[in-house]
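The block underneath contains the structure these notes are about, expressed in structure tokens.
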Amino acid sequence: MASRKVSKKAALAIAAAVGATVAASAPAAATETINLTAISGYPPVASWVKAFVEAYIPTVDAELAKTGNYKINWNQGFSGQIVKPRGELEGIETGLGDLGTVVTAFHPDKIPLYKLSFVTPFVSSDLGLVVKTIDALEDQIPAFGEGWAKFNQVNLVNTGAVDDYMVLSSKKLSSLDDFKGKKLGAAGANLPWVTALGAAGVQTNLADAYNSLNTGIYEGGIFWAEAAGNFKLCEPAPFFLDGNLGAVQSHNISVNRDVWDSLPEEVKNVLQASSAKHQQYATDLVVNGASKGIEKCKAEFGSEVTVLSPADRTKWAMALDNAAKSWAADLEKEGIPGKKVLSTYMDAMRAANQPIERHWDRE
């Protein structure tokens with residue numbers, strides 16, 4: 001076939017047209033893509049993971065898009081795909097994940113300062129206040145950040161998943177005497193709350209709770225209303241006992257230190273700044289989901305809620321050892337200002353007029 005020559009004028013016209021098309025479709029400068037793997041052993045139905053997916057990731061993406069210099073390709077390794085529940089801290093430390101949501105309640109031996117709200121029950125059910133107070137302590141006391149550094153991590157934000165711990169059970173509990181001899185599940189940090197009443201404490205976590213309740217591994221456990229509804233815990237355990245045990249700070253977003261050091265400053269700044277959105281969203285999910293959880297349990301499983309009498313609440317609080325003072329004293333032996341942390345926290349609760357049953361720092 002004979003070749004067809006294109007005139008110089010036509011060639012220039014074609015080149016101009018192609019150039020215009022490329023210019024219109026290409027960004028002004030190349031966008032660098034950064035791959036990040038986020039991990040949690042829990043599924044997105046868990047409020048802290050849900051907040052990461054629905055608030056944190058979109059906020060980070062939107063902020064980075066403002067300049068167009070960077071974008072993140074997220075690998076969402078949740079639901080036990082990469083680590084099981086309790087495995088997040090080690091997973092981020094070793095690089096199985098670049099960042100993720102760590103349940104601090106499971107690691108009081110490694111990051112002990114985050115046990116604070118677990119050793120001060122019966123103080124406050126205001127989750128927002130508890131979280132913000134610990135924010136302030138993190139800013140004031142370097143030991144918080146130093147604790148993460150030991151495990152090759154940088155903490156971005158603390159948050160909470162529990163506005164008010166309750167006891168869910170397969171059989172109705174009406175008073176403290178009903179606890180004696182019962183097998184009750186709890187995270188390690190709040191096992192003493194049930195063993196002090198004569199119950200047998202069983203170490204557990206939210207991911208295992210439904211099956212454990214359903215198969216009778218334990219007869220009830222310490223949970224909260226939002227989780228009871230979303231994880232359907234009230235199907236095998238339809239009875240709630242509300243003792244106003246209080247809220248806890250129990251989760252953090254942390255980043256592997258090596259990964260953090262390798263990131264551009266703009267990306268670091270966005271990851272840090274966006275964490276506030278995650279914190280607020282997670283808090284709102286729990287607080288707003290509490291009444292929805294109870295209503296769902298009542299409608300679907302016929303749940304009943306019993307409110308513990310004020311006298312029994314006082315009796316329960318007084319039955320506990322003062323773990324807060326022991327915790328603070330142990331920290332002091334390690335060179336960590338546990339007493340200052342405890343007193344500053346309790347001062348903030350007193351200033352906010354919280355329903356404090358025991359002044360843990362003053363005994």
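Ordered as shown in the structure tokens, chains take letters A, B, and onward, while each chain numbers its residues from 1 and ligands are numbered from 1 in the order shown.
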Inset, instruction - Excluding range 104-120 of chain A and residues on its chain fewer than 4 positions from it, collect all residues at most 6 Å away from it, counting only C-alpha atoms, and give them as a ChimeraX atom specification. - result: /A:147,248,250-251,323-324
Residues of the last selection are to be written out with C-alpha atoms, as a CSV table (one decimal), in the first residue's frame.
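Contents of result_22.csv, freshly written:
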chain,number,residue,atom,x,y,z
A,147,GLY,CA,5.2,5.0,75.7
A,248,VAL,CA,-13.5,5.0,79.0
A,250,SER,CA,-9.9,2.9,74.9
A,251,HIS,CA,-8.6,3.3,71.3
A,323,ALA,CA,-6.6,0.2,91.6
A,324,ALA,CA,-6.0,3.9,90.6
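Once Val287 in chain A and its same-chain neighbours fewer than 3 positions away are set aside, Asp126, Leu127, Gly128, Ala161, Val162, Asp163, Glu226, Ala282, Thr283, Asp284, Ala290 and Ser291 of chain A remain within 9 Å of it when counting only C-alpha atoms.
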Inset, instruction - Determine which residues of range 21-205 of chain A DSSP labels as strand (DSSP E or B) from the backbone of this structure, then write them out as JSON, numbers by chain. - result: {"A": [32, 33, 34, 35, 36, 37, 38, 39, 70, 71, 72, 73, 74, 75, 76, 77, 99, 100, 101, 102, 103, 153, 154, 155, 156, 157, 158, 159, 162, 166, 167, 168, 169, 183, 184, 185, 186, 200, 201, 202, 203]}
For N, CA and C atoms, I'd like the residues from the last selection saved as a CSV table (one decimal), in the first residue's frame.
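To be explicit, this is the file written out as result18.csv:
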chain,number,residue,atom,x,y,z
A,32,GLU,N,1.9,12.3,43.5
A,32,GLU,CA,2.6,11.1,44.1
A,32,GLU,C,1.6,10.2,44.9
A,33,THR,N,1.6,8.9,44.5
A,33,THR,CA,0.7,8.0,45.3
A,33,THR,C,1.5,7.3,46.4
A,34,ILE,N,0.9,7.3,47.6
A,34,ILE,CA,1.5,6.7,48.7
A,34,ILE,C,0.7,5.5,49.2
A,35,ASN,N,1.2,4.3,49.2
A,35,ASN,CA,0.5,3.2,49.7
A,35,ASN,C,0.5,3.0,51.2
A,36,LEU,N,-0.6,2.9,51.8
A,36,LEU,CA,-0.7,2.8,53.3
A,36,LEU,C,-1.7,1.6,53.6
A,37,THR,N,-1.2,0.7,54.4
A,37,THR,CA,-2.1,-0.4,54.9
A,37,THR,C,-2.6,0.0,56.3
A,38,ALA,N,-3.9,0.1,56.5
A,38,ALA,CA,-4.5,0.3,57.8
A,38,ALA,C,-5.0,-1.0,58.3
A,39,ILE,N,-4.8,-1.2,59.6
A,39,ILE,CA,-5.2,-2.5,60.2
A,39,ILE,C,-6.1,-2.4,61.4
A,70,TYR,N,-0.2,14.8,46.6
A,70,TYR,CA,-0.1,13.5,47.1
A,70,TYR,C,-1.5,12.9,47.1
A,71,LYS,N,-1.6,11.6,47.0
A,71,LYS,CA,-2.8,10.8,47.3
A,71,LYS,C,-2.4,9.5,47.9
A,72,ILE,N,-3.3,9.0,48.7
A,72,ILE,CA,-3.1,7.7,49.4
A,72,ILE,C,-3.9,6.6,48.8
A,73,ASN,N,-3.2,5.5,48.5
A,73,ASN,CA,-3.9,4.3,48.1
A,73,ASN,C,-4.0,3.5,49.3
A,74,TRP,N,-5.3,3.4,49.9
A,74,TRP,CA,-5.5,2.7,51.1
A,74,TRP,C,-5.8,1.2,50.9
A,75,ASN,N,-5.0,0.4,51.7
A,75,ASN,CA,-5.3,-1.0,51.8
A,75,ASN,C,-6.0,-1.2,53.2
A,76,GLN,N,-7.3,-1.4,53.2
A,76,GLN,CA,-8.0,-1.5,54.4
A,76,GLN,C,-8.0,-2.9,54.9
A,77,GLY,N,-7.1,-3.2,55.8
A,77,GLY,CA,-6.9,-4.6,56.3
A,77,GLY,C,-7.6,-4.8,57.6
A,99,LEU,N,-0.4,1.8,59.7
A,99,LEU,CA,-1.1,2.5,60.8
A,99,LEU,C,-2.4,1.7,61.1
A,100,GLY,N,-3.1,2.1,62.2
A,100,GLY,CA,-4.3,1.4,62.5
A,100,GLY,C,-4.9,1.8,63.8
A,101,THR,N,-5.9,1.1,64.2
A,101,THR,CA,-6.6,1.5,65.5
A,101,THR,C,-6.2,0.4,66.5
A,102,VAL,N,-5.6,0.9,67.6
A,102,VAL,CA,-5.1,0.1,68.6
A,102,VAL,C,-6.0,0.2,69.8
A,103,VAL,N,-6.5,-1.0,70.3
A,103,VAL,CA,-7.3,-1.0,71.5
A,103,VAL,C,-6.4,-1.0,72.7
A,153,GLN,N,6.2,3.4,67.4
A,153,GLN,CA,5.0,4.0,66.9
A,153,GLN,C,4.8,5.5,67.3
A,154,VAL,N,4.0,6.2,66.5
A,154,VAL,CA,3.6,7.5,66.8
A,154,VAL,C,2.1,7.6,67.0
A,155,ASN,N,1.7,8.1,68.1
A,155,ASN,CA,0.2,8.2,68.4
A,155,ASN,C,-0.3,9.4,67.7
A,156,LEU,N,-1.4,9.3,66.9
A,156,LEU,CA,-2.0,10.4,66.3
A,156,LEU,C,-3.2,11.0,67.1
A,157,VAL,N,-4.0,10.1,67.7
A,157,VAL,CA,-5.2,10.6,68.4
A,157,VAL,C,-5.7,9.5,69.3
A,158,ASN,N,-6.3,9.9,70.4
A,158,ASN,CA,-7.0,8.9,71.3
A,158,ASN,C,-8.5,9.1,71.1
A,159,THR,N,-9.2,8.1,71.3
A,159,THR,CA,-10.6,8.2,71.2
A,159,THR,C,-11.2,7.1,72.1
A,162,VAL,N,-16.7,3.6,74.5
A,162,VAL,CA,-17.6,3.3,75.6
A,162,VAL,C,-18.1,4.6,76.3
A,166,MET,N,-22.2,-1.2,80.9
A,166,MET,CA,-23.3,-1.9,81.5
A,166,MET,C,-23.0,-3.4,81.6
A,167,VAL,N,-23.8,-4.1,82.3
A,167,VAL,CA,-23.7,-5.6,82.3
A,167,VAL,C,-24.8,-6.2,81.5
A,168,LEU,N,-24.5,-7.0,80.5
A,168,LEU,CA,-25.5,-7.7,79.8
A,168,LEU,C,-25.5,-9.2,80.2
A,169,SER,N,-26.6,-9.8,80.3
A,169,SER,CA,-26.6,-11.2,80.9
A,169,SER,C,-27.8,-11.9,80.3
A,183,LYS,N,-20.4,-16.4,85.7
A,183,LYS,CA,-19.3,-16.3,84.8
A,183,LYS,C,-19.5,-15.1,84.0
A,184,LEU,N,-18.7,-14.0,84.1
A,184,LEU,CA,-18.9,-12.8,83.4
A,184,LEU,C,-17.7,-12.4,82.6
A,185,GLY,N,-17.9,-12.0,81.4
A,185,GLY,CA,-16.8,-11.7,80.5
A,185,GLY,C,-16.4,-10.2,80.6
A,186,ALA,N,-15.2,-9.9,80.4
A,186,ALA,CA,-14.7,-8.5,80.5
A,186,ALA,C,-13.4,-8.4,79.9
A,200,ALA,N,-17.0,-14.9,88.6
A,200,ALA,CA,-15.8,-15.4,88.0
A,200,ALA,C,-15.6,-14.6,86.7
A,201,GLY,N,-14.5,-14.0,86.6
A,201,GLY,CA,-14.2,-13.1,85.4
A,201,GLY,C,-13.5,-14.0,84.3
A,202,VAL,N,-14.0,-13.7,83.1
A,202,VAL,CA,-13.5,-14.4,81.9
A,202,VAL,C,-13.0,-13.4,80.9
A,203,GLN,N,-11.7,-13.5,80.6
A,203,GLN,CA,-11.1,-12.5,79.7
A,203,GLN,C,-11.8,-12.7,78.3
Inset, instruction - Please indicate the distance in Å from CA of Leu64 in chain A to CA of Lys277 in chain A, rounded to one decimal place. - result: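 Calculated distance between CA of Leu64 in chain A and CA of Lys277 in chain A is 14.9 Å.
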Spatial neighbours of Trp260 in chain A, max dist 9 Å, only C-alpha atoms, sep filter under 4 positions, as a PDB file with N, CA and C atoms, in the first residue's frame:
ATOM      1  N   ASP A  98       0.809  -0.264  58.366  1.00  0.00           N
ATOM      2  CA  ASP A  98       1.481   1.034  58.456  1.00  0.00           C
ATOM      3  C   ASP A  98       0.882   1.898  59.553  1.00  0.00           C
ATOM      4  N   GLN A 153       6.192   3.408  67.371  1.00  0.00           N
ATOM      5  CA  GLN A 153       4.956   4.007  66.880  1.00  0.00           C
ATOM      6  C   GLN A 153       4.826   5.470  67.279  1.00  0.00           C
ATOM      7  N   VAL A 154       4.018   6.174  66.494  1.00  0.00           N
ATOM      8  CA  VAL A 154       3.634   7.548  66.780  1.00  0.00           C
ATOM      9  C   VAL A 154       2.120   7.563  66.972  1.00  0.00           C
ATOM     10  N   VAL A 255       0.771   5.132  64.150  1.00  0.00           N
ATOM     11  CA  VAL A 255       1.472   4.925  62.882  1.00  0.00           C
ATOM     12  C   VAL A 255       2.846   4.318  63.166  1.00  0.00           C
ATOM     13  N   ASN A 256       3.242   3.374  62.355  1.00  0.00           N
ATOM     14  CA  ASN A 256       4.584   2.813  62.463  1.00  0.00           C
ATOM     15  C   ASN A 256       5.612   3.941  62.329  1.00  0.00           C
ATOM     16  N   PRO A 264       6.198  12.454  53.449  1.00  0.00           N
ATOM     17  CA  PRO A 264       6.391  13.893  53.242  1.00  0.00           C
ATOM     18  C   PRO A 264       5.697  14.696  54.337  1.00  0.00           C
ATOM     19  N   LYS A 268       2.172  14.019  56.536  1.00  0.00           N
ATOM     20  CA  LYS A 268       2.163  13.915  57.991  1.00  0.00           C
ATOM     21  C   LYS A 268       1.180  14.910  58.598  1.00  0.00           C
TER      22      LYS A 268
END
